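Participant: Here you go, input28.cif (mmCIF, N, CA, C and O atoms):
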```
data_protein
#
loop_
_atom_site.label_atom_id
_atom_site.label_comp_id
_atom_site.auth_asym_id
_atom_site.auth_seq_id
_atom_site.Cartn_x
_atom_site.Cartn_y
_atom_site.Cartn_z
N MET A 27 -60.26 11.19 0.84
CA MET A 27 -59.73 11.94 -0.28
C MET A 27 -59.87 11.09 -1.54
O MET A 27 -59.51 9.92 -1.55
N GLU A 28 -60.38 11.69 -2.55
CA GLU A 28 -60.56 10.98 -3.82
C GLU A 28 -59.20 10.72 -4.47
O GLU A 28 -58.29 11.54 -4.37
N ARG A 29 -59.09 9.60 -5.16
CA ARG A 29 -57.84 9.25 -5.82
C ARG A 29 -58.11 8.83 -7.26
O ARG A 29 -58.98 8.01 -7.53
N ILE A 30 -57.35 9.40 -8.16
CA ILE A 30 -57.39 9.02 -9.58
C ILE A 30 -56.24 8.07 -9.82
O ILE A 30 -55.09 8.41 -9.55
N ASP A 31 -56.53 6.90 -10.34
CA ASP A 31 -55.48 5.93 -10.64
C ASP A 31 -55.09 6.05 -12.10
O ASP A 31 -55.78 5.55 -12.98
N ALA A 32 -53.99 6.73 -12.34
CA ALA A 32 -53.47 6.88 -13.70
C ALA A 32 -52.19 6.07 -13.87
O ALA A 32 -51.46 6.26 -14.84
N SER A 33 -51.93 5.17 -12.93
CA SER A 33 -50.72 4.36 -13.02
C SER A 33 -50.82 3.44 -14.22
O SER A 33 -51.88 2.90 -14.53
N GLY A 34 -49.73 3.31 -14.93
CA GLY A 34 -49.69 2.47 -16.12
C GLY A 34 -50.17 3.18 -17.38
O GLY A 34 -50.06 2.63 -18.46
N LEU A 35 -50.70 4.38 -17.24
CA LEU A 35 -51.17 5.13 -18.41
C LEU A 35 -50.04 5.99 -18.96
O LEU A 35 -49.28 6.60 -18.21
N ALA A 36 -49.96 6.05 -20.27
CA ALA A 36 -48.96 6.89 -20.93
C ALA A 36 -49.51 8.31 -21.09
O ALA A 36 -50.73 8.51 -21.20
N CYS A 37 -48.62 9.28 -21.08
CA CYS A 37 -49.02 10.66 -21.34
C CYS A 37 -49.53 10.78 -22.77
O CYS A 37 -49.02 10.07 -23.64
N PRO A 38 -50.55 11.54 -22.98
CA PRO A 38 -51.08 12.58 -22.09
C PRO A 38 -52.25 12.13 -21.22
O PRO A 38 -52.89 12.97 -20.58
N GLN A 39 -52.59 10.87 -21.16
CA GLN A 39 -53.77 10.42 -20.43
C GLN A 39 -53.81 10.88 -18.97
O GLN A 39 -54.84 11.40 -18.53
N PRO A 40 -52.73 10.73 -18.16
CA PRO A 40 -52.80 11.23 -16.78
C PRO A 40 -53.09 12.73 -16.71
O PRO A 40 -53.86 13.18 -15.87
N VAL A 41 -52.49 13.49 -17.60
CA VAL A 41 -52.72 14.94 -17.63
C VAL A 41 -54.17 15.24 -17.95
O VAL A 41 -54.80 16.08 -17.30
N LEU A 42 -54.72 14.56 -18.92
CA LEU A 42 -56.11 14.80 -19.30
C LEU A 42 -57.05 14.46 -18.15
O LEU A 42 -58.03 15.18 -17.90
N LEU A 43 -56.78 13.38 -17.43
CA LEU A 43 -57.62 13.01 -16.28
C LEU A 43 -57.56 14.08 -15.20
O LEU A 43 -58.58 14.44 -14.60
N VAL A 44 -56.36 14.60 -14.93
CA VAL A 44 -56.21 15.63 -13.90
C VAL A 44 -56.89 16.92 -14.32
O VAL A 44 -57.60 17.54 -13.54
N LEU A 45 -56.71 17.34 -15.55
CA LEU A 45 -57.34 18.58 -16.01
C LEU A 45 -58.86 18.48 -15.97
O LEU A 45 -59.54 19.46 -15.64
N GLU A 46 -59.39 17.32 -16.27
CA GLU A 46 -60.85 17.11 -16.20
C GLU A 46 -61.32 17.20 -14.75
O GLU A 46 -62.34 17.83 -14.46
N LYS A 47 -60.58 16.61 -13.82
CA LYS A 47 -60.93 16.64 -12.41
C LYS A 47 -60.85 18.06 -11.86
O LYS A 47 -61.71 18.48 -11.08
N ILE A 48 -59.84 18.80 -12.26
CA ILE A 48 -59.66 20.17 -11.77
C ILE A 48 -60.86 21.05 -12.10
O ILE A 48 -61.21 21.95 -11.35
N LYS A 49 -61.52 20.78 -13.20
CA LYS A 49 -62.68 21.58 -13.60
C LYS A 49 -63.78 21.58 -12.55
O LYS A 49 -64.51 22.56 -12.41
N THR A 50 -63.91 20.48 -11.80
CA THR A 50 -65.00 20.35 -10.84
C THR A 50 -64.53 20.16 -9.39
O THR A 50 -65.35 20.11 -8.49
N ALA A 51 -63.25 20.03 -9.17
CA ALA A 51 -62.73 19.73 -7.83
C ALA A 51 -62.85 20.92 -6.90
O ALA A 51 -62.60 22.06 -7.27
N ILE A 52 -63.24 20.60 -5.69
CA ILE A 52 -63.26 21.59 -4.61
C ILE A 52 -62.23 21.18 -3.57
O ILE A 52 -61.48 22.00 -3.07
N ASP A 53 -62.21 19.90 -3.27
CA ASP A 53 -61.31 19.34 -2.27
C ASP A 53 -60.03 18.83 -2.91
O ASP A 53 -60.00 18.54 -4.11
N PRO A 54 -59.00 18.67 -2.10
CA PRO A 54 -57.76 18.05 -2.61
C PRO A 54 -58.04 16.63 -3.11
O PRO A 54 -58.98 15.98 -2.66
N PHE A 55 -57.22 16.19 -4.04
CA PHE A 55 -57.33 14.81 -4.53
C PHE A 55 -55.95 14.29 -4.87
O PHE A 55 -55.01 15.06 -5.04
N GLU A 56 -55.84 12.97 -4.92
CA GLU A 56 -54.57 12.32 -5.25
C GLU A 56 -54.62 11.74 -6.65
O GLU A 56 -55.68 11.34 -7.12
N VAL A 57 -53.45 11.71 -7.26
CA VAL A 57 -53.31 11.07 -8.56
C VAL A 57 -52.14 10.11 -8.48
O VAL A 57 -51.04 10.50 -8.11
N ALA A 58 -52.38 8.84 -8.79
CA ALA A 58 -51.31 7.84 -8.79
C ALA A 58 -50.78 7.70 -10.21
O ALA A 58 -51.55 7.49 -11.14
N VAL A 59 -49.49 7.88 -10.36
CA VAL A 59 -48.84 7.73 -11.66
C VAL A 59 -47.63 6.83 -11.50
O VAL A 59 -47.10 6.66 -10.41
N SER A 60 -47.19 6.26 -12.61
CA SER A 60 -46.14 5.24 -12.51
C SER A 60 -44.87 5.57 -13.28
O SER A 60 -44.02 4.70 -13.42
N ASN A 61 -44.74 6.80 -13.77
CA ASN A 61 -43.49 7.13 -14.45
C ASN A 61 -43.16 8.61 -14.27
O ASN A 61 -44.03 9.42 -13.98
N GLN A 62 -41.89 8.92 -14.44
CA GLN A 62 -41.40 10.28 -14.20
C GLN A 62 -42.01 11.30 -15.16
O GLN A 62 -42.32 12.42 -14.76
N ALA A 63 -42.21 10.93 -16.40
CA ALA A 63 -42.80 11.87 -17.37
C ALA A 63 -44.20 12.28 -16.93
O ALA A 63 -44.57 13.45 -17.01
N ALA A 64 -44.98 11.33 -16.44
CA ALA A 64 -46.33 11.64 -15.97
C ALA A 64 -46.28 12.56 -14.75
O ALA A 64 -47.08 13.49 -14.65
N ILE A 65 -45.33 12.31 -13.85
CA ILE A 65 -45.18 13.19 -12.67
C ILE A 65 -44.92 14.62 -13.11
O ILE A 65 -45.58 15.55 -12.66
N GLU A 66 -43.98 14.80 -14.00
CA GLU A 66 -43.62 16.13 -14.47
C GLU A 66 -44.76 16.80 -15.23
O GLU A 66 -45.06 17.97 -15.01
N ASN A 67 -45.41 16.05 -16.11
CA ASN A 67 -46.48 16.62 -16.93
C ASN A 67 -47.72 16.95 -16.10
O ASN A 67 -48.35 17.99 -16.30
N VAL A 68 -48.08 16.08 -15.16
CA VAL A 68 -49.24 16.34 -14.30
C VAL A 68 -48.94 17.55 -13.41
O VAL A 68 -49.80 18.41 -13.23
N THR A 69 -47.74 17.61 -12.87
CA THR A 69 -47.36 18.75 -12.03
C THR A 69 -47.46 20.05 -12.81
O THR A 69 -48.06 21.03 -12.35
N ARG A 70 -46.90 20.07 -13.99
CA ARG A 70 -46.92 21.27 -14.82
C ARG A 70 -48.36 21.68 -15.16
O ARG A 70 -48.73 22.85 -15.09
N ALA A 71 -49.20 20.71 -15.50
CA ALA A 71 -50.58 21.01 -15.87
C ALA A 71 -51.36 21.55 -14.68
O ALA A 71 -52.09 22.54 -14.82
N ALA A 72 -51.21 20.92 -13.52
CA ALA A 72 -51.94 21.37 -12.33
C ALA A 72 -51.48 22.78 -11.92
O ALA A 72 -52.32 23.64 -11.60
N GLU A 73 -50.18 23.00 -11.92
CA GLU A 73 -49.66 24.31 -11.54
C GLU A 73 -50.08 25.39 -12.52
O GLU A 73 -50.29 26.54 -12.13
N SER A 74 -50.27 25.04 -13.78
CA SER A 74 -50.73 26.03 -14.76
C SER A 74 -52.17 26.46 -14.49
O SER A 74 -52.59 27.51 -14.95
N LYS A 75 -52.88 25.66 -13.69
CA LYS A 75 -54.26 25.99 -13.31
C LYS A 75 -54.32 26.50 -11.87
O LYS A 75 -55.38 26.53 -11.25
N SER A 76 -53.17 26.91 -11.34
CA SER A 76 -53.04 27.48 -9.99
C SER A 76 -53.33 26.50 -8.87
O SER A 76 -53.85 26.86 -7.82
N TRP A 77 -52.98 25.24 -9.08
CA TRP A 77 -53.08 24.23 -8.03
C TRP A 77 -51.67 23.92 -7.56
O TRP A 77 -50.72 23.95 -8.34
N LYS A 78 -51.53 23.63 -6.27
CA LYS A 78 -50.25 23.27 -5.69
C LYS A 78 -50.12 21.75 -5.71
O LYS A 78 -51.06 21.03 -5.39
N VAL A 79 -48.95 21.24 -6.06
CA VAL A 79 -48.71 19.80 -6.15
C VAL A 79 -47.64 19.39 -5.15
O VAL A 79 -46.57 19.98 -5.11
N THR A 80 -47.96 18.37 -4.36
CA THR A 80 -47.01 17.79 -3.42
C THR A 80 -46.85 16.32 -3.77
O THR A 80 -47.85 15.61 -3.93
N LYS A 81 -45.62 15.86 -3.93
CA LYS A 81 -45.37 14.47 -4.31
C LYS A 81 -45.19 13.61 -3.07
O LYS A 81 -44.50 13.99 -2.14
N LEU A 82 -45.81 12.44 -3.07
CA LEU A 82 -45.68 11.47 -2.00
C LEU A 82 -45.27 10.14 -2.59
O LEU A 82 -45.71 9.78 -3.67
N ASP A 83 -44.47 9.38 -1.87
CA ASP A 83 -44.12 8.04 -2.31
C ASP A 83 -44.84 7.06 -1.41
O ASP A 83 -44.68 7.12 -0.19
N ARG A 84 -45.63 6.17 -1.99
CA ARG A 84 -46.38 5.20 -1.20
C ARG A 84 -46.15 3.81 -1.75
O ARG A 84 -46.56 3.52 -2.87
N ASP A 85 -45.53 2.97 -0.98
CA ASP A 85 -45.32 1.57 -1.37
C ASP A 85 -44.70 1.43 -2.75
O ASP A 85 -45.12 0.59 -3.54
N GLY A 86 -43.76 2.30 -3.07
CA GLY A 86 -43.09 2.23 -4.36
C GLY A 86 -43.87 2.86 -5.49
O GLY A 86 -43.37 3.01 -6.59
N GLU A 87 -45.10 3.24 -5.26
CA GLU A 87 -45.92 3.90 -6.29
C GLU A 87 -45.88 5.40 -6.02
O GLU A 87 -46.05 5.83 -4.89
N ILE A 88 -45.63 6.18 -7.03
CA ILE A 88 -45.60 7.62 -6.85
C ILE A 88 -47.02 8.16 -6.89
O ILE A 88 -47.75 7.91 -7.82
N SER A 89 -47.41 8.86 -5.85
CA SER A 89 -48.71 9.52 -5.80
C SER A 89 -48.48 11.01 -5.81
O SER A 89 -47.54 11.49 -5.18
N ILE A 90 -49.33 11.72 -6.46
CA ILE A 90 -49.24 13.17 -6.46
C ILE A 90 -50.48 13.71 -5.76
O ILE A 90 -51.59 13.43 -6.18
N LEU A 91 -50.27 14.42 -4.71
CA LEU A 91 -51.38 15.04 -3.99
C LEU A 91 -51.52 16.45 -4.51
O LEU A 91 -50.60 17.26 -4.41
N THR A 92 -52.63 16.77 -5.09
CA THR A 92 -52.85 18.09 -5.67
C THR A 92 -53.79 18.86 -4.77
O THR A 92 -54.89 18.39 -4.50
N ILE A 93 -53.37 20.04 -4.34
CA ILE A 93 -54.15 20.82 -3.39
C ILE A 93 -54.44 22.20 -3.99
O ILE A 93 -53.56 22.87 -4.48
N SER A 94 -55.67 22.60 -3.90
CA SER A 94 -56.07 23.92 -4.38
C SER A 94 -55.40 25.00 -3.55
O SER A 94 -55.26 24.87 -2.35
N LYS A 95 -55.02 26.08 -4.20
CA LYS A 95 -54.42 27.22 -3.47
C LYS A 95 -55.49 28.02 -2.79
O LYS A 95 -56.57 28.17 -3.18
#
```
In structure tokens, write the structure found in this file.
Facilitator:
Amino acid sequence: MERIDASGLACPQPVLLVLEKIKTAIDPFEVAVSNQAAIENVTRAAESKSWKVTKLDRDGEISILTISK
């Protein structure tokens, strides 16, 4: 599974990376983010494009698994 590392990036950068990936994504992909604002903004952006978002916690780093509906 492909993973986008947006940890340490301030919004809107994680959102922009996810929206760019969604344009061409066929398979599920993960996005690693490091703050609550990024989690909320990435989730909102992905869901606005009809993608389902599931949050996972891995080794203290928040990962967001985004899955196409």
Participant: Residues picked by the PyMOL selection byres (((chain A and resi 36 and name CA) around 12) and name CA) here, as number ranges by chain?
Facilitator: A: 32-35, 37-43, 59-65, 67-68
Participant: List the residues matched by the PyMOL selection byres (((chain A and resi 75 and name CA) around 10) and name CA) in the displayed structure as a list in words, ordered by chain and then by residue number.
Facilitator: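 Checked against the file, the PyMOL selection byres (((chain A and resi 75 and name CA) around 10) and name CA) matches Leu45, Ile48, Lys49, Arg70, Ala71, Ala72, Glu73, Ser74, Ser76, Trp77, Lys78, Ser94 and Lys95 of chain A.
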Participant: Please give the complete set of residues from chain A that DSSP, run on the backbone, assigns to alpha helix (DSSP H), formatted as number ranges by chain.
Facilitator: A: 39-48, 62-74
Participant: Residues of chain A in strand (DSSP E or B) according to DSSP, as a VMD selection string?
Facilitator: chain A and resid 28 to 31 55 to 59 77 to 84 87 to 94
Participant: To one decimal place, how far is atom C of Pro54 in chain A from CA of Gly86 in chain A in Å?
Facilitator: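 Pair atom C of Pro54 in chain A / CA of Gly86 in chain A returns 20.8 Å.
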Participant: Kindly resolve the PyMOL selection byres ((chain A and resi 55) around 8) on the present coordinates and return the residues as a list in words.
Facilitator: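 This file gives the following for the PyMOL selection byres ((chain A and resi 55) around 8): Met27, Glu28, Arg29, Ile30, Ala51, Ile52, Asp53, Pro54, Glu56, Val57, Ala58, Lys78, Val79, Thr80, Ser89, Ile90, Leu91, Thr92, Ile93 and Ser94 of chain A.
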Participant: Based on the selection just made, write N, CA, C and O atoms of those residues as a tab-separated table (two decimals), in the frame of the given file.
Facilitator:
```
chain	number	residue	atom	x	y	z
A	27	MET	N	-60.26	11.19	0.84
A	27	MET	CA	-59.73	11.94	-0.28
A	27	MET	C	-59.87	11.09	-1.54
A	27	MET	O	-59.51	9.92	-1.55
A	28	GLU	N	-60.38	11.69	-2.55
A	28	GLU	CA	-60.56	10.98	-3.82
A	28	GLU	C	-59.20	10.72	-4.47
A	28	GLU	O	-58.29	11.54	-4.37
A	29	ARG	N	-59.09	9.60	-5.16
A	29	ARG	CA	-57.84	9.25	-5.82
A	29	ARG	C	-58.11	8.83	-7.26
A	29	ARG	O	-58.98	8.01	-7.53
A	30	ILE	N	-57.35	9.40	-8.16
A	30	ILE	CA	-57.39	9.02	-9.58
A	30	ILE	C	-56.24	8.07	-9.82
A	30	ILE	O	-55.09	8.41	-9.55
A	51	ALA	N	-63.25	20.03	-9.17
A	51	ALA	CA	-62.73	19.73	-7.83
A	51	ALA	C	-62.85	20.92	-6.90
A	51	ALA	O	-62.60	22.06	-7.27
A	52	ILE	N	-63.24	20.60	-5.69
A	52	ILE	CA	-63.26	21.59	-4.61
A	52	ILE	C	-62.23	21.18	-3.57
A	52	ILE	O	-61.48	22.00	-3.07
A	53	ASP	N	-62.21	19.90	-3.27
A	53	ASP	CA	-61.31	19.34	-2.27
A	53	ASP	C	-60.03	18.83	-2.91
A	53	ASP	O	-60.00	18.54	-4.11
A	54	PRO	N	-59.00	18.67	-2.10
A	54	PRO	CA	-57.76	18.05	-2.61
A	54	PRO	C	-58.04	16.63	-3.11
A	54	PRO	O	-58.98	15.98	-2.66
A	56	GLU	N	-55.84	12.97	-4.92
A	56	GLU	CA	-54.57	12.32	-5.25
A	56	GLU	C	-54.62	11.74	-6.65
A	56	GLU	O	-55.68	11.34	-7.12
A	57	VAL	N	-53.45	11.71	-7.26
A	57	VAL	CA	-53.31	11.07	-8.56
A	57	VAL	C	-52.14	10.11	-8.48
A	57	VAL	O	-51.04	10.50	-8.11
A	58	ALA	N	-52.38	8.84	-8.79
A	58	ALA	CA	-51.31	7.84	-8.79
A	58	ALA	C	-50.78	7.70	-10.21
A	58	ALA	O	-51.55	7.49	-11.14
A	78	LYS	N	-51.53	23.63	-6.27
A	78	LYS	CA	-50.25	23.27	-5.69
A	78	LYS	C	-50.12	21.75	-5.71
A	78	LYS	O	-51.06	21.03	-5.39
A	79	VAL	N	-48.95	21.24	-6.06
A	79	VAL	CA	-48.71	19.80	-6.15
A	79	VAL	C	-47.64	19.39	-5.15
A	79	VAL	O	-46.57	19.98	-5.11
A	80	THR	N	-47.96	18.37	-4.36
A	80	THR	CA	-47.01	17.79	-3.42
A	80	THR	C	-46.85	16.32	-3.77
A	80	THR	O	-47.85	15.61	-3.93
A	89	SER	N	-47.41	8.86	-5.85
A	89	SER	CA	-48.71	9.52	-5.80
A	89	SER	C	-48.48	11.01	-5.81
A	89	SER	O	-47.54	11.49	-5.18
A	90	ILE	N	-49.33	11.72	-6.46
A	90	ILE	CA	-49.24	13.17	-6.46
A	90	ILE	C	-50.48	13.71	-5.76
A	90	ILE	O	-51.59	13.43	-6.18
A	91	LEU	N	-50.27	14.42	-4.71
A	91	LEU	CA	-51.38	15.04	-3.99
A	91	LEU	C	-51.52	16.45	-4.51
A	91	LEU	O	-50.60	17.26	-4.41
A	92	THR	N	-52.63	16.77	-5.09
A	92	THR	CA	-52.85	18.09	-5.67
A	92	THR	C	-53.79	18.86	-4.77
A	92	THR	O	-54.89	18.39	-4.50
A	93	ILE	N	-53.37	20.04	-4.34
A	93	ILE	CA	-54.15	20.82	-3.39
A	93	ILE	C	-54.44	22.20	-3.99
A	93	ILE	O	-53.56	22.87	-4.48
A	94	SER	N	-55.67	22.60	-3.90
A	94	SER	CA	-56.07	23.92	-4.38
A	94	SER	C	-55.40	25.00	-3.55
A	94	SER	O	-55.26	24.87	-2.35
```
Participant: Rounded to one decimal place, report the atom O of Glu46 in chain A-atom O of Asp83 in chain A distance in Å.
Facilitator: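 Spanning atom O of Glu46 in chain A to atom O of Asp83 in chain A is a straight-line distance of 25.1 Å.
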Participant: Quick one: distance from CA of Lys81 in chain A to atom O of Thr69 in chain A in Å, one decimal?
Facilitator: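 If I compute the distance from CA of Lys81 in chain A to atom O of Thr69 in chain A, I get 10.7 Å.
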